[in-house]
Structure formats: structure tokens, C-alpha cells
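Source file: upload_31.txt; contents: compact mmCIF, C-alpha atoms.
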```txt
# COMPACT_ATOMS: atom_id res chain seq x y z
CA ASN A 1 0.00 0.00 0.00
CA GLU A 2 2.78 2.41 0.93
CA GLU A 3 4.65 1.51 -2.23
CA ALA A 4 1.48 2.29 -4.23
CA GLU A 5 1.06 5.65 -2.51
CA GLU A 6 4.62 6.87 -3.06
CA PRO A 7 4.22 7.59 -6.78
CA ASP A 8 1.23 9.78 -5.93
CA PHE A 9 3.62 12.30 -4.38
CA THR A 10 6.22 12.38 -7.13
CA ASN A 11 4.76 15.57 -8.60
CA TYR A 12 4.16 17.19 -5.24
CA THR A 13 6.28 19.95 -3.77
CA LYS A 14 7.97 18.37 -0.77
CA ILE A 15 8.26 20.51 2.34
CA GLN A 16 10.78 19.39 4.92
CA PHE A 17 9.25 18.60 8.28
CA LYS A 18 10.09 21.07 11.06
CA LEU A 19 9.15 20.46 14.65
CA THR A 20 9.23 23.23 17.22
CA PHE A 21 11.92 22.60 19.82
CA GLN A 22 9.87 22.80 22.96
CA GLY A 23 8.17 20.74 25.64
CA TYR A 24 9.57 17.43 26.82
CA ARG A 25 11.84 17.18 23.78
CA GLN A 26 13.81 20.12 25.16
CA TYR A 27 14.51 18.39 28.46
CA VAL A 28 15.37 15.09 26.81
CA ALA A 29 17.73 16.85 24.37
CA TYR A 30 19.43 18.83 27.15
CA THR A 31 19.91 15.61 29.13
CA TYR A 32 21.54 13.93 26.13
CA ILE A 33 23.73 16.98 25.49
CA GLY A 34 24.87 17.06 29.12
CA PHE A 35 25.92 13.41 29.17
CA ASN A 36 27.52 13.80 25.74
CA VAL A 37 29.74 16.61 27.04
CA VAL A 38 30.58 14.58 30.16
CA GLY A 39 31.46 11.61 27.96
CA PHE A 40 33.85 13.65 25.83
CA VAL A 41 35.53 15.21 28.88
CA VAL A 42 35.88 11.99 30.88
CA ASN A 43 37.20 9.85 28.04
CA THR A 44 39.61 12.56 26.89
CA TRP A 45 40.96 12.91 30.43
CA VAL A 46 41.36 9.13 30.80
CA MET A 47 43.24 8.99 27.48
CA TYR A 48 45.51 11.78 28.74
CA VAL A 49 46.26 9.70 31.84
CA ILE A 50 46.60 6.30 30.17
CA ALA A 51 48.32 6.98 26.83
CA PRO A 52 51.75 8.08 28.23
CA LEU A 53 51.88 4.99 30.46
CA LEU A 54 51.94 2.67 27.44
CA ILE A 55 55.46 3.83 26.59
CA ALA A 56 56.61 4.74 30.11
CA PRO A 57 57.81 2.16 32.63
CA SER A 58 55.10 1.34 35.17
CA LYS A 59 53.94 -1.54 37.34
CA VAL A 60 50.50 -1.57 35.72
CA PRO A 61 50.23 -4.35 33.07
CA LYS A 62 50.41 -2.95 29.55
CA SER A 63 47.48 -5.13 28.52
CA ILE A 64 45.14 -3.45 30.99
CA LEU A 65 46.35 -0.01 29.91
CA PHE A 66 45.69 -0.91 26.27
CA TYR A 67 42.22 -2.25 27.11
CA ILE A 68 41.32 1.00 28.88
CA LEU A 69 42.71 3.08 26.00
CA SER A 70 40.70 1.01 23.50
CA LEU A 71 37.60 1.50 25.63
CA CYS A 72 38.13 5.27 25.58
CA ILE A 73 38.57 5.34 21.79
CA ALA A 74 35.39 3.30 21.32
CA ASP A 75 33.52 5.55 23.75
CA LEU A 76 34.64 8.71 21.95
CA LEU A 77 33.46 7.22 18.66
CA ILE A 78 30.10 6.52 20.29
CA MET A 79 29.97 10.09 21.62
CA PHE A 80 30.42 11.41 18.07
CA ALA A 81 27.60 9.15 16.87
CA MET A 82 25.50 10.43 19.76
CA LEU A 83 25.77 13.93 18.26
CA LEU A 84 23.77 12.76 15.23
CA LEU A 85 21.06 11.43 17.53
CA ILE A 86 20.95 14.76 19.39
CA ILE A 87 20.60 16.68 16.12
CA GLU A 88 17.74 14.41 15.05
CA LEU A 89 16.12 14.93 18.45
CA VAL A 90 16.36 18.71 18.14
CA MET A 91 15.30 18.93 14.49
CA GLY A 92 12.59 16.29 14.72
CA THR A 93 13.80 14.63 11.49
CA TRP A 94 16.89 12.92 10.11
CA THR A 95 18.82 15.50 8.10
CA PHE A 96 21.80 13.37 7.03
CA SER A 97 22.45 10.87 4.25
CA SER A 98 21.66 7.18 4.20
CA ALA A 99 25.36 6.33 4.61
CA ALA A 100 25.50 8.48 7.74
CA CYS A 101 22.43 6.63 9.02
CA THR A 102 24.10 3.25 8.51
CA ALA A 103 27.30 4.47 10.18
CA TYR A 104 25.36 5.84 13.16
CA LEU A 105 23.37 2.64 13.68
CA ALA A 106 26.49 0.49 13.27
CA VAL A 107 28.40 2.50 15.91
CA ASP A 108 25.35 2.54 18.19
CA ALA A 109 24.99 -1.23 17.85
CA MET A 110 28.75 -1.63 18.38
CA ASN A 111 28.26 0.08 21.74
CA LYS A 112 26.24 -2.96 22.81
CA PHE A 113 29.27 -5.20 22.24
CA ILE A 114 32.55 -3.31 22.55
CA ALA A 115 32.21 -1.81 26.04
CA PRO A 116 30.98 -5.01 27.76
CA ILE A 117 33.54 -7.18 25.94
CA ILE A 118 36.46 -4.89 26.89
CA VAL A 119 35.29 -4.79 30.52
CA PHE A 120 35.16 -8.57 30.36
CA LEU A 121 38.74 -8.68 28.99
CA ILE A 122 39.97 -6.34 31.74
CA SER A 123 38.50 -8.52 34.47
CA ARG A 124 40.02 -11.61 32.86
CA ALA A 125 43.43 -9.94 32.58
CA CYS A 126 43.31 -8.93 36.25
CA TYR A 127 42.59 -12.54 37.23
CA GLN A 128 45.34 -13.93 35.00
CA THR A 129 48.03 -11.50 36.18
CA VAL A 130 47.26 -12.20 39.85
CA CYS A 131 46.16 -15.81 40.11
CA LEU A 132 47.99 -17.74 37.37
CA ASP A 133 51.60 -18.91 37.13
CA LYS A 134 54.44 -16.65 36.09
CA ASN A 135 54.44 -17.50 32.36
CA ALA A 136 50.68 -17.10 32.00
CA SER A 137 50.76 -13.91 34.05
CA GLU A 138 53.49 -12.35 31.90
CA ARG A 139 51.69 -13.32 28.71
CA ALA A 140 48.39 -11.84 29.93
CA ALA A 141 50.16 -8.61 30.93
CA GLY A 142 51.85 -8.16 27.54
CA LEU A 143 50.80 -5.53 25.05
CA ARG A 144 50.89 -7.89 22.07
CA TYR A 145 48.47 -10.26 23.78
CA ALA A 146 46.03 -7.40 24.42
CA ILE A 147 46.19 -6.17 20.82
CA VAL A 148 45.37 -9.66 19.53
CA GLN A 149 42.43 -9.92 21.93
CA VAL A 150 40.96 -6.54 20.92
CA VAL A 151 41.38 -7.21 17.18
CA ALA A 152 39.71 -10.60 17.53
CA ALA A 153 36.83 -9.01 19.44
CA LEU A 154 36.38 -6.35 16.72
CA VAL A 155 36.28 -9.00 13.98
CA PHE A 156 33.72 -10.99 15.96
CA VAL A 157 31.55 -7.90 16.55
CA CYS A 158 31.66 -6.83 12.88
CA PHE A 159 30.50 -10.31 11.90
CA LEU A 160 27.56 -10.10 14.29
CA LEU A 161 26.56 -6.66 12.98
CA TRP A 162 25.78 -7.80 9.43
CA PRO A 163 21.99 -7.27 9.92
CA VAL A 164 22.62 -3.60 10.73
CA PHE A 165 24.49 -3.05 7.47
CA ALA A 166 21.82 -4.97 5.57
CA TYR A 167 18.64 -3.40 6.98
CA ALA A 168 19.60 0.09 8.21
CA GLN A 169 18.14 2.87 6.08
CA VAL A 170 16.42 6.24 6.11
CA TYR A 171 12.65 5.90 5.97
CA THR A 172 10.52 8.66 4.47
CA PHE A 173 7.09 9.56 5.82
CA TYR A 174 4.65 11.80 3.96
CA LEU A 175 2.46 13.97 6.16
CA ASN A 176 -0.51 16.26 5.47
CA PRO A 177 -0.68 16.06 1.65
CA ASN A 178 -2.51 18.99 0.06
CA ASN A 179 -4.05 18.00 -3.26
CA THR A 180 -4.96 21.61 -4.05
CA THR A 181 -1.52 23.18 -3.67
CA MET A 182 0.23 19.91 -4.55
CA GLU A 183 2.36 20.10 -1.42
CA VAL A 184 3.28 17.42 1.10
CA THR A 185 5.35 17.48 4.29
CA VAL A 186 8.26 15.02 4.35
CA MET A 187 9.80 13.56 7.50
CA HIS A 188 12.85 11.26 7.52
CA LYS A 189 13.77 8.75 10.21
CA CYS A 190 16.94 6.68 10.52
CA SER A 191 15.86 3.23 11.65
CA PHE A 192 16.90 -0.40 11.83
CA LEU A 193 13.85 -2.44 10.86
CA PRO A 194 14.83 -5.97 9.84
CA PRO A 195 12.33 -8.79 9.42
CA ALA A 196 10.86 -9.99 12.69
CA GLU A 197 12.77 -13.28 12.71
CA VAL A 198 16.11 -11.59 11.95
CA GLU A 199 15.47 -8.98 14.61
CA PHE A 200 14.65 -11.61 17.24
CA TRP A 201 17.77 -13.70 16.63
CA PHE A 202 19.99 -10.63 16.37
CA ASN A 203 18.76 -9.29 19.72
CA LEU A 204 19.02 -12.72 21.33
CA ILE A 205 22.62 -13.31 20.18
CA ALA A 206 23.58 -9.75 21.11
CA CYS A 207 22.02 -10.12 24.56
CA VAL A 208 23.87 -13.37 25.26
CA THR A 209 27.27 -12.32 23.90
CA SER A 210 27.30 -8.71 25.10
CA TYR A 211 25.25 -8.88 28.29
CA ALA A 212 24.93 -12.31 29.90
CA ILE A 213 28.41 -13.70 29.21
CA PRO A 214 30.31 -10.47 30.10
CA LEU A 215 28.28 -10.05 33.31
CA PHE A 216 29.03 -13.63 34.36
CA GLY A 217 32.72 -13.22 33.44
CA ILE A 218 33.11 -9.91 35.31
CA ILE A 219 31.64 -11.35 38.50
CA TYR A 220 33.49 -14.66 38.24
CA TRP A 221 36.97 -13.28 37.44
CA TYR A 222 36.86 -10.49 40.02
CA VAL A 223 35.35 -12.64 42.76
CA SER A 224 38.02 -15.31 42.15
CA VAL A 225 40.80 -12.82 42.96
CA PRO A 226 39.99 -12.25 46.67
CA PHE A 227 39.54 -16.00 47.26
CA PHE A 228 42.95 -16.60 45.70
CA LEU A 229 44.50 -13.86 47.84
CA LYS A 230 42.89 -15.35 50.94
CA ARG A 231 44.30 -18.81 50.22
CA ARG A 232 47.75 -17.36 49.57
CA ALA A 233 47.59 -15.37 52.82
CA ILE A 234 46.86 -18.52 54.79
CA ARG A 235 49.88 -20.32 53.28
CA SER A 236 52.25 -17.37 53.76
CA LEU A 237 53.15 -14.86 56.45
CA VAL A 238 51.40 -11.94 54.79
CA ASN A 239 49.98 -9.28 57.09
CA ASN A 240 46.28 -9.91 57.54
CA ASN A 241 45.45 -6.21 57.66
CA SER A 242 47.03 -5.48 54.26
CA MET A 243 45.41 -8.60 52.79
CA ASP A 244 42.00 -7.61 54.14
CA ALA A 245 42.43 -4.13 52.64
CA ALA A 246 43.26 -5.62 49.24
CA MET A 247 40.25 -7.91 49.41
CA ARG A 248 37.95 -5.07 50.38
CA LYS A 249 39.23 -3.05 47.42
CA VAL A 250 38.59 -5.91 44.99
CA ILE A 251 35.13 -6.54 46.38
CA THR A 252 34.30 -2.83 46.14
CA THR A 253 35.43 -2.79 42.51
CA VAL A 254 33.27 -5.84 41.73
CA ILE A 255 30.20 -4.31 43.34
CA ILE A 256 30.59 -0.99 41.52
CA LEU A 257 31.26 -2.54 38.11
CA ALA A 258 28.49 -5.10 38.39
CA GLY A 259 26.06 -2.49 39.75
CA ILE A 260 26.71 -0.06 36.89
CA TYR A 261 26.53 -2.89 34.39
CA VAL A 262 23.15 -4.11 35.66
CA VAL A 263 21.67 -0.62 36.03
CA CYS A 264 22.78 0.60 32.60
CA TRP A 265 22.16 -2.49 30.50
CA SER A 266 19.31 -4.46 32.10
CA PRO A 267 16.57 -1.90 31.26
CA TYR A 268 17.92 -1.63 27.72
CA TRP A 269 17.70 -5.36 27.01
CA PHE A 270 14.39 -5.71 28.81
CA ASN A 271 13.00 -2.96 26.57
CA MET A 272 14.41 -4.66 23.45
CA PHE A 273 12.46 -7.86 24.11
CA ALA A 274 9.42 -6.35 25.80
CA HIS A 275 8.66 -3.48 23.40
CA ARG A 276 5.93 -5.58 21.76
CA PHE A 277 4.15 -5.77 25.10
CA TRP A 278 4.24 -2.04 25.83
CA SER A 279 0.86 -1.69 24.08
CA PHE A 280 -0.73 -3.57 26.96
CA VAL A 281 0.64 -1.03 29.43
CA ASN A 282 -1.53 2.00 29.96
CA LEU A 283 1.00 4.76 29.26
CA GLU A 284 0.61 8.08 27.51
CA LYS A 285 2.45 8.43 24.26
CA ARG A 286 4.58 11.24 25.66
CA THR A 287 5.49 9.22 28.76
CA PHE A 288 6.36 6.22 26.61
CA VAL A 289 8.67 8.32 24.40
CA ILE A 290 10.43 9.87 27.41
CA VAL A 291 10.94 6.48 29.05
CA SER A 292 12.30 5.02 25.79
CA TYR A 293 14.79 7.88 25.38
CA LEU A 294 15.98 7.57 28.98
CA ILE A 295 16.42 3.80 28.66
CA HIS A 296 18.42 4.35 25.47
CA LEU A 297 20.56 6.92 27.33
CA LEU A 298 21.72 4.45 30.02
CA PRO A 299 24.29 2.63 27.80
CA TYR A 300 25.78 6.02 26.90
CA ILE A 301 26.19 6.73 30.61
CA SER A 302 28.17 3.52 31.01
CA CYS A 303 30.59 4.83 28.37
CA SER A 304 31.61 7.56 30.79
CA ALA A 305 31.48 5.44 33.94
CA TYR A 306 33.73 2.51 33.05
CA PRO A 307 36.90 4.39 31.98
CA LEU A 308 36.59 6.67 35.00
CA ILE A 309 36.23 3.73 37.41
CA PHE A 310 39.19 1.81 35.99
CA THR A 311 41.41 4.90 36.18
CA VAL A 312 40.38 6.43 39.49
CA MET A 313 40.16 3.19 41.46
CA ASN A 314 43.52 1.88 40.23
CA ARG A 315 46.20 3.27 42.52
CA GLY A 316 48.99 1.99 40.27
CA ILE A 317 47.69 4.07 37.35
CA ARG A 318 47.46 7.19 39.49
CA VAL A 319 50.99 6.77 40.87
CA ALA A 320 52.47 6.03 37.44
CA HIS A 321 50.74 9.05 35.89
CA ALA A 322 51.95 11.33 38.68
CA LYS A 323 55.51 10.11 38.09
CA VAL A 324 55.24 10.77 34.33
CA VAL A 325 53.90 14.28 34.95
CA LEU A 326 56.74 14.99 37.41
CA ASP A 327 59.34 13.77 34.90
CA HIS A 328 57.85 16.01 32.19
CA LYS A 329 57.94 18.99 34.54
CA ARG A 330 61.60 18.33 35.31
CA LYS A 331 62.43 18.04 31.61
CA PHE A 332 60.56 21.25 30.85
CA LYS A 333 62.33 23.06 33.69
CA TYR A 334 65.68 21.79 32.44
CA MET A 335 64.93 22.87 28.85
CA THR A 336 63.80 26.34 29.94
CA GLY A 337 66.92 26.66 32.10
CA GLU A 338 69.13 25.68 29.16
CA ALA A 339 67.31 28.18 26.95
CA ARG A 340 67.86 30.96 29.51
CA ASN A 341 71.55 30.07 29.78
CA THR A 342 71.93 30.09 26.00
CA ILE A 343 70.25 33.49 25.71
CA SER A 344 72.36 34.84 28.59
CA ASN A 345 75.60 33.57 27.01
CA ALA A 346 74.65 35.03 23.63
CA THR A 347 73.84 38.37 25.24
CA SER A 348 77.16 38.39 27.12
CA ALA A 349 79.02 37.60 23.89
CA LEU A 350 77.32 40.49 22.11
CA ARG A 351 78.14 42.83 24.97
CA SER A 352 81.79 41.80 24.86
CA GLN A 353 81.96 42.44 21.10
CA PHE A 354 80.03 45.75 21.25
CA PRO A 355 80.78 47.11 24.73
CA SER A 356 80.05 50.74 23.84
CA LYS A 357 76.95 52.50 24.92
CA VAL A 358 74.30 50.78 22.80
CA ALA A 359 70.84 52.22 22.63
CA SER A 360 68.20 50.34 24.57
CA ARG A 361 65.13 48.67 23.09
CA GLY A 362 62.84 51.22 21.52
CA SER A 363 65.67 53.62 20.56
CA PHE A 364 67.58 54.23 17.35
CA LEU A 365 70.75 56.07 16.40
CA GLU A 366 71.42 58.83 13.90
CA VAL A 367 74.88 59.54 12.45
CA SER A 368 75.76 63.19 11.89
CA GLN A 369 78.03 64.61 9.21
CA ASP A 370 81.07 64.75 11.51
CA GLY A 371 80.85 61.00 12.27
CA SER A 372 79.33 61.33 15.71
CA VAL A 373 76.32 59.29 16.81
CA ARG A 374 73.21 60.84 18.27
CA LYS A 375 70.45 58.87 19.98
CA ALA A 376 67.04 60.00 18.76
CA SER A 377 64.88 58.37 21.43
CA SER A 378 65.28 56.01 24.37
CA MET A 379 62.94 53.88 26.50
CA LEU A 380 65.34 53.41 29.39
CA SER A 381 68.07 55.68 30.74
CA ILE A 382 70.07 56.10 33.91
CA SER A 383 68.85 59.01 35.96
CA ARG A 384 72.24 59.68 37.50
CA CYS A 385 73.72 60.41 34.03
CA LYS A 386 73.66 63.85 32.59
CA VAL A 387 71.36 63.79 29.58
CA ASP A 388 71.76 66.18 26.74
CA SER A 389 68.95 68.73 26.61
CA THR A 390 68.35 68.02 22.90
CA LEU A 391 67.39 64.56 21.48
CA GLY A 392 70.21 62.42 22.95
CA SER A 393 73.92 62.18 23.54
CA LYS A 394 76.81 62.10 21.15
CA ILE A 395 79.40 59.38 21.13
CA SER A 396 82.67 60.58 19.60
CA MET A 397 85.25 58.51 17.86
CA SER A 398 88.55 57.85 19.59
CA SER A 399 90.40 57.91 16.31
CA GLU A 400 89.51 59.32 12.93
CA ASN A 401 91.49 56.56 11.20
CA GLU A 402 88.99 53.88 12.33
CA LYS A 403 86.27 53.51 9.70
CA PRO A 404 82.67 52.75 10.62
CA GLN A 405 81.89 49.04 10.62
CA VAL A 406 78.40 48.97 12.19
CA ARG A 407 75.23 49.61 10.19
CA VAL A 408 72.43 51.15 12.23
CA ASN A 409 69.03 51.66 10.55
CA GLY A 410 70.68 51.43 7.15
CA ILE A 411 73.35 54.07 8.06
CA ILE A 412 76.98 53.18 8.66
CA SER A 413 77.91 54.14 12.20
CA PRO A 414 81.48 54.02 13.64
CA PRO A 415 81.92 51.39 16.35
CA PRO A 416 84.11 52.04 19.40
CA GLN A 417 87.80 51.31 19.02
CA GLN A 418 88.45 49.38 22.21
CA THR A 419 86.62 47.35 24.81
CA ARG A 420 85.69 49.18 27.99
CA SER A 421 85.40 47.54 31.37
CA PRO A 422 82.49 48.04 33.80
CA GLU A 423 84.81 50.13 36.00
CA SER A 424 85.44 52.59 33.16
CA LEU A 425 81.71 52.78 32.43
CA SER A 426 81.04 53.56 36.06
CA ALA A 427 83.73 56.19 36.05
CA ASP A 428 82.20 57.75 32.92
CA ALA A 429 78.83 57.84 34.57
CA ASP A 430 80.29 59.59 37.56
CA SER A 431 82.08 62.03 35.29
CA GLY A 432 78.83 63.07 33.61
CA GLU A 433 78.66 60.89 30.48
CA SER A 434 75.31 59.62 29.36
CA GLU A 435 74.45 55.80 29.52
CA THR A 436 71.57 53.57 28.51
CA LEU A 437 70.82 50.01 29.64
CA LEU A 438 70.19 47.01 27.36
```
Represent the structure from my file as C-alpha cells, please.
Amino acid sequence: NEEAEEPDFTNYTKIQFKLTFQGYRQYVAYTYIGFNVVGFVVNTWVMYVIAPLLIAPSKVPKSILFYILSLCIADLLIMFAMLLLIIELVMGTWTFSSAACTAYLAVDAMNKFIAPIIVFLISRACYQTVCLDKNASERAAGLRYAIVQVVAALVFVCFLLWPVFAYAQVYTFYLNPNNTTMEVTVMHKCSFLPPAEVEFWFNLIACVTSYAIPLFGIIYWYVSVPFFLKRRAIRSLVNNNSMDAAMRKVITTVIILAGIYVVCWSPYWFNMFAHRFWSFVNLEKRTFVIVSYLIHLLPYISCSAYPLIFTVMNRGIRVAHAKVVLDHKRKFKYMTGEARNTISNATSALRSQFPSKVASRGSFLEVSQDGSVRKASSMLSISRCKVDSTLGSKISMSSENEKPQVRVNGIISPPPQQTRSPESLSADADSGESETLL
């Protein structure tokens, strides 16, 4: 039916749909904008902390650092895709191309997989580096091992996302056709609407691989660490207080990660499978739209929460970053000190070569017919010197046989014949000669 109606509007003047930015859409859009800004700031800050540690010596395993950095890059990509959603929310219609629609939906769907899988890999790496033997621990802490794991996860996720590339498109809706003026309002929506069977299996596989399995892995790997530490404490002479503190820290990390995971992702997946049953719930259309937008916002919130948790709660990362910052400050201080010494040495060399009374910055010299030099203006002078009542002071040549060798403002000016010591300059000042400072 819709395909039969479309040709009816081919000769119509199409007016782009415009929706007034007001009401609940304002508050929903401002909420999305606020979390988008927070996501950019948090992930950029975490990258600033983590990136230098990949090439600097630190006790934190390079694999975990690479996992966190990969998580930040993925989150920033999702934040950029979120901007397209915000623009659609403000405008009320999709204003971009079909390719942009496919890219947005692919990145949005990738958010369902990448963040949970990387959190799963981090928890597994923590377990391996603490609880396994030396060879397995060193392999799990290596950067090459982490790169292989992330690349394999990306290939797996891209394979699972084939329905998005196949069925994502921009749908066109025709509103309020006017047969008299031959005008119709056009609204575009970027949507992923596969066949019902494809949608069901895609959501089911995505829920299992990106929600159930990562949640089980996060809890299992992190909970296994304190039990291992407890068994090792019993067999060794480790201080019980320090061991209890380490166990409390691990348990706190598990509770926070699992809590954020459940809060941010459970409503999303419940809505994905239960949206067909929302018609049986007595909700206003506006309330239903607001609830749907807020549920869709929760996974974006997790994009800001996970990198911040892994960075702030890891004392090794904080200590290593502070050491890198201190080293950079020392290097910068050393470089600035070397630059000051170089400038000072160059200035001293110039003063030794031209020890005569040189005009200060902001002044220039004029050469008269008799070979004397007159200063036209000066920004700095010594008050105890006697200044000529005209424009400046004259510097006479000690010998007429010496030819001028210095060019000042395009005019050849005679340099002094011999080097003068500070004592002679002081004596000249006391005797009434004029002097300017460099």
C-alpha cells in the first residue's frame, strides 16, 4: 500500500518537516547533550592519563592499559555518533544521508558489544596476572596479547553486525498532503527495521554475547581474585590487615562494576524484548517516548562510567601518571633553564663584542656629518647620568682613522675602538657621560 502511494507524491512539492523545539523534547535533548559533554571530557581525560603509560615504565600491566585506552577510543566514537542522535532529536527529522544513518546505527549497535567485551577482557586480565603462574601472568600482561584480543573481538563484533548493514536505512514519511496546492510534508527517520525473525535472533545473540556472558565473566573473574588472595595469605606470612584491605578493594570494585553494568544495560535489554508488550501497558504516548529515550541513554552513561572507574580506582595508574607528569615537569624546567643560559651567554658575547653604549630597546641612532652618533629616542636611561637637553647624547670617535663598521638603521655608524670595562663605564657615569641600559 505504501509503495502504491509513493508515486502519488512524485509531482508534489515536498516541504521538509520542522518540529518546534519545545516541551519534553527540550529536556530530553538537554539531558543527552549534558551526558555527551561529560562523555567527551571523561574519556579525553582518561586517554591523557593512560596513553603516556603505554610507553613509560610502570607496574600496571600494559594489557590493561591498552584495554582501557581502546575502551576510551570506542567511547569517543560513540559520543560522536550520539551527536547525530541529538541533532535528530532537536530537528525532529533525520537530516543526514543514508550512509551516515548506517554508520550511526552500526556504531550505536557496536556500543552494545565493545564496552561489555572490553570490561570482560579487563576482568580476565586482572585474574590472569594475579592468580595464574608466572608465564601465563606475563603473557596476559603483555601488550601484544592485548592487541590480539581486541582485534579478535572487533572482527567478531563486525561479523555479528551484518543485519545492521543490511537493513539500516532512512525511511521517508509523507504527512498532510494537500491536493490543491500539490504540497506534502516530508519527515525522515533513521531506523533499523529488519524482518521480525532476523530482529529476534539478532537481539538474542547480542544479549547473550554482550550482556549475559560479560556479566558472568566480570563477577566470576573479580570474585576469584579475593579468594585466591585469601588462600595465599593462609599459606604465607602476609599481614592480615594489608590482605584484608586488598580484598575489600577488589570486592568494592566488583560491586561498583556489576552495579553499573546491571543498572545501565538491564533496562535496555528488557525494553528490546518487551517493546511488543508495551501496548498492553496504559501509558501516555509522551510518557512512553520519554521512558524510551531515557532507557536508550543508560548505555551512553556507562561509556563515561567505566573508563573513570578503571582509572580512578587503580592506585597503580594514578601513581604512574603522577611520576610521568613529574618527569615532564623536570624536563621542561631543564629545557627552559638551558634556553635561559643560551640566551644569557649570547647576550654576554654580544656585549663583549660591542661594549660601547648601545641604545636600549625602543631607541635608534642617527649619524651626523662629523661622524658622531646621536640617539634620537630612548625607553630606558640612567637618571644619574647627565642627559643632553636636545634629542640624545653624542658618542665621539677615539680615532679618525677607524672607519665605521656597524650599520644602524641602514646608516653606517662608527663602532668604538676598544673594549671598555664596567669600571670605566662607572667612572664615565660619575664624570657626567650619558648611559643607557640594554
(message) What's the separation between atom CA of A:Tyr268 and atom CA of A:Ala100, in Å to one decimal place?
(response)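 Between atom CA of A:Tyr268 and atom CA of A:Ala100 the gap works out to 23.6 Å.
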(request) Kindly give the distance, in Å, that separates atom CA of A:Gly142 and atom CA of A:Cys303, rounded to a single decimal. (result) 24.9 Å
(request) Excluding A:Ile15 and any residue of its chain fewer than 6 positions from it, enumerate the residues within 12 Å of it, using all atoms listed in the file, and give them as a PyMOL selection string. (result) chain A and resi 9+173-178+181-188
(message) Nearest residue to A:Tyr306 out of A:Ile117, A:Ala168, A:Ile251, A:Leu257, using only C-alpha atoms?
(response)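 Result for the nearest residue to A:Tyr306: A:Leu257.
Counting only C-alpha atoms and comparing A:Tyr67, A:Tyr145, A:Tyr32, A:Trp94, the residue that lies closest to A:Gln16 is A:Trp94.
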(message) Can you tell me which residues surround A:Lys62 at a distance of at most 6 Å, considering all atoms listed in the file, apart from same-chain residues fewer than 2 positions away, and format the answer as a PyMOL selection string?
(response) chain A and resi 64-65+141-143
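Around stretch 155-158 of chain A, within 12 Å and counting only C-alpha atoms, the residues found are Ala106, Val107, Ala109, Met110, Asn111, Lys112, Phe113, Ile114, Ala115, Pro116, Ile117, Ile118, Val148, Gln149, Val164, Phe165, Phe202, Ile205, Ala206, Thr209 and Ser210 of chain A, once anything fewer than 6 positions away on its own chain is removed.
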(request) Work out how far apart atom CA of A:Leu19 and atom CA of A:Leu193 are and give it in Å to one decimal. (result)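 Between these atoms lies a distance of 23.7 Å.
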(message) Counting only C-alpha atoms, which residue out of A:Gln353, A:Ser63, A:Thr10, A:Asn203 sits closest to A:Arg139?
(response) A:Ser63
(message) So, with all atoms listed in the file as the atoms that count, which of A:Tyr261, A:Phe21, A:Tyr104, A:Trp45 lies closest to A:Ile219?
(response)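 Of A:Tyr261, A:Phe21, A:Tyr104, A:Trp45, the one nearest A:Ile219 is A:Tyr261, counting all atoms listed in the file.
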(message) Could you list, as a VMD selection string, every residue within 12 Å of A:Gly316, counting only C-alpha atoms and ignoring same-chain residues fewer than 2 positions away?
(response) chain A and resid 49 to 50 53 57 to 62 64 to 65 310 to 314 318 to 323
(request) Point out the residue among A:Tyr30, A:Phe120, A:Phe200, A:Phe332 with the least atom-to-atom distance to A:Leu297, counting all atoms listed in the file. (result)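 So, comparing all the options, the nearest one is A:Tyr30.
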(message) Need to verify the contact set: stretch 95-98 of chain A, 12 Å, only C-alpha atoms, exclusion of same-chain residues closer than 5 positions in sequence. Can you return it as a list of chain:residue names?
(response)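 Using only C-alpha atoms, the neighbours found are A:Gln16, A:Phe17, A:Lys18, A:Leu83, A:Leu84, A:Leu85, A:Ile86, A:Ile87, A:Glu88, A:Leu89, A:Val90, A:Ala103, A:Tyr104, A:Leu105, A:Phe165, A:Tyr167, A:Ala168, A:Gln169, A:Val170, A:Tyr171, A:Thr172, A:Val186, A:Met187, A:His188, A:Lys189, A:Cys190, A:Ser191, A:Phe192.
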(request) Considering all atoms listed in the file, state which residue in the set A:Leu229, A:Val46, A:Ile33, A:Val28 is at the smallest distance from A:Ile73. (result) A:Val46
Rebuild stretch 146-157 of chain A to N, CA and C atoms - output it as a PDB file, keeping the file's coordinate frame, please.
```pdb
ATOM      1  N   ALA A 146      47.225  -8.246  24.357  1.00  0.00           N
ATOM      2  CA  ALA A 146      46.030  -7.400  24.420  1.00  0.00           C
ATOM      3  C   ALA A 146      45.584  -6.951  23.038  1.00  0.00           C
ATOM      4  N   ILE A 147      46.548  -6.603  22.173  1.00  0.00           N
ATOM      5  CA  ILE A 147      46.190  -6.170  20.820  1.00  0.00           C
ATOM      6  C   ILE A 147      45.488  -7.295  20.069  1.00  0.00           C
ATOM      7  N   VAL A 148      46.004  -8.519  20.201  1.00  0.00           N
ATOM      8  CA  VAL A 148      45.370  -9.660  19.530  1.00  0.00           C
ATOM      9  C   VAL A 148      43.951  -9.864  20.051  1.00  0.00           C
ATOM     10  N   GLN A 149      43.755  -9.732  21.347  1.00  0.00           N
ATOM     11  CA  GLN A 149      42.430  -9.920  21.930  1.00  0.00           C
ATOM     12  C   GLN A 149      41.445  -8.867  21.418  1.00  0.00           C
ATOM     13  N   VAL A 150      41.861  -7.618  21.362  1.00  0.00           N
ATOM     14  CA  VAL A 150      40.960  -6.540  20.920  1.00  0.00           C
ATOM     15  C   VAL A 150      40.638  -6.696  19.432  1.00  0.00           C
ATOM     16  N   VAL A 151      41.630  -7.023  18.613  1.00  0.00           N
ATOM     17  CA  VAL A 151      41.380  -7.210  17.180  1.00  0.00           C
ATOM     18  C   VAL A 151      40.424  -8.370  16.945  1.00  0.00           C
ATOM     19  N   ALA A 152      40.613  -9.461  17.659  1.00  0.00           N
ATOM     20  CA  ALA A 152      39.710 -10.600  17.530  1.00  0.00           C
ATOM     21  C   ALA A 152      38.294 -10.230  17.950  1.00  0.00           C
ATOM     22  N   ALA A 153      38.157  -9.451  19.005  1.00  0.00           N
ATOM     23  CA  ALA A 153      36.830  -9.010  19.440  1.00  0.00           C
ATOM     24  C   ALA A 153      36.171  -8.127  18.387  1.00  0.00           C
ATOM     25  N   LEU A 154      36.939  -7.222  17.758  1.00  0.00           N
ATOM     26  CA  LEU A 154      36.380  -6.350  16.720  1.00  0.00           C
ATOM     27  C   LEU A 154      35.908  -7.164  15.511  1.00  0.00           C
ATOM     28  N   VAL A 155      36.687  -8.151  15.104  1.00  0.00           N
ATOM     29  CA  VAL A 155      36.280  -9.000  13.980  1.00  0.00           C
ATOM     30  C   VAL A 155      34.994  -9.749  14.315  1.00  0.00           C
ATOM     31  N   PHE A 156      34.918 -10.268  15.516  1.00  0.00           N
ATOM     32  CA  PHE A 156      33.720 -10.990  15.960  1.00  0.00           C
ATOM     33  C   PHE A 156      32.499 -10.069  15.971  1.00  0.00           C
ATOM     34  N   VAL A 157      32.669  -8.844  16.473  1.00  0.00           N
ATOM     35  CA  VAL A 157      31.550  -7.900  16.550  1.00  0.00           C
ATOM     36  C   VAL A 157      31.098  -7.483  15.145  1.00  0.00           C
TER      37      VAL A 157
END
```
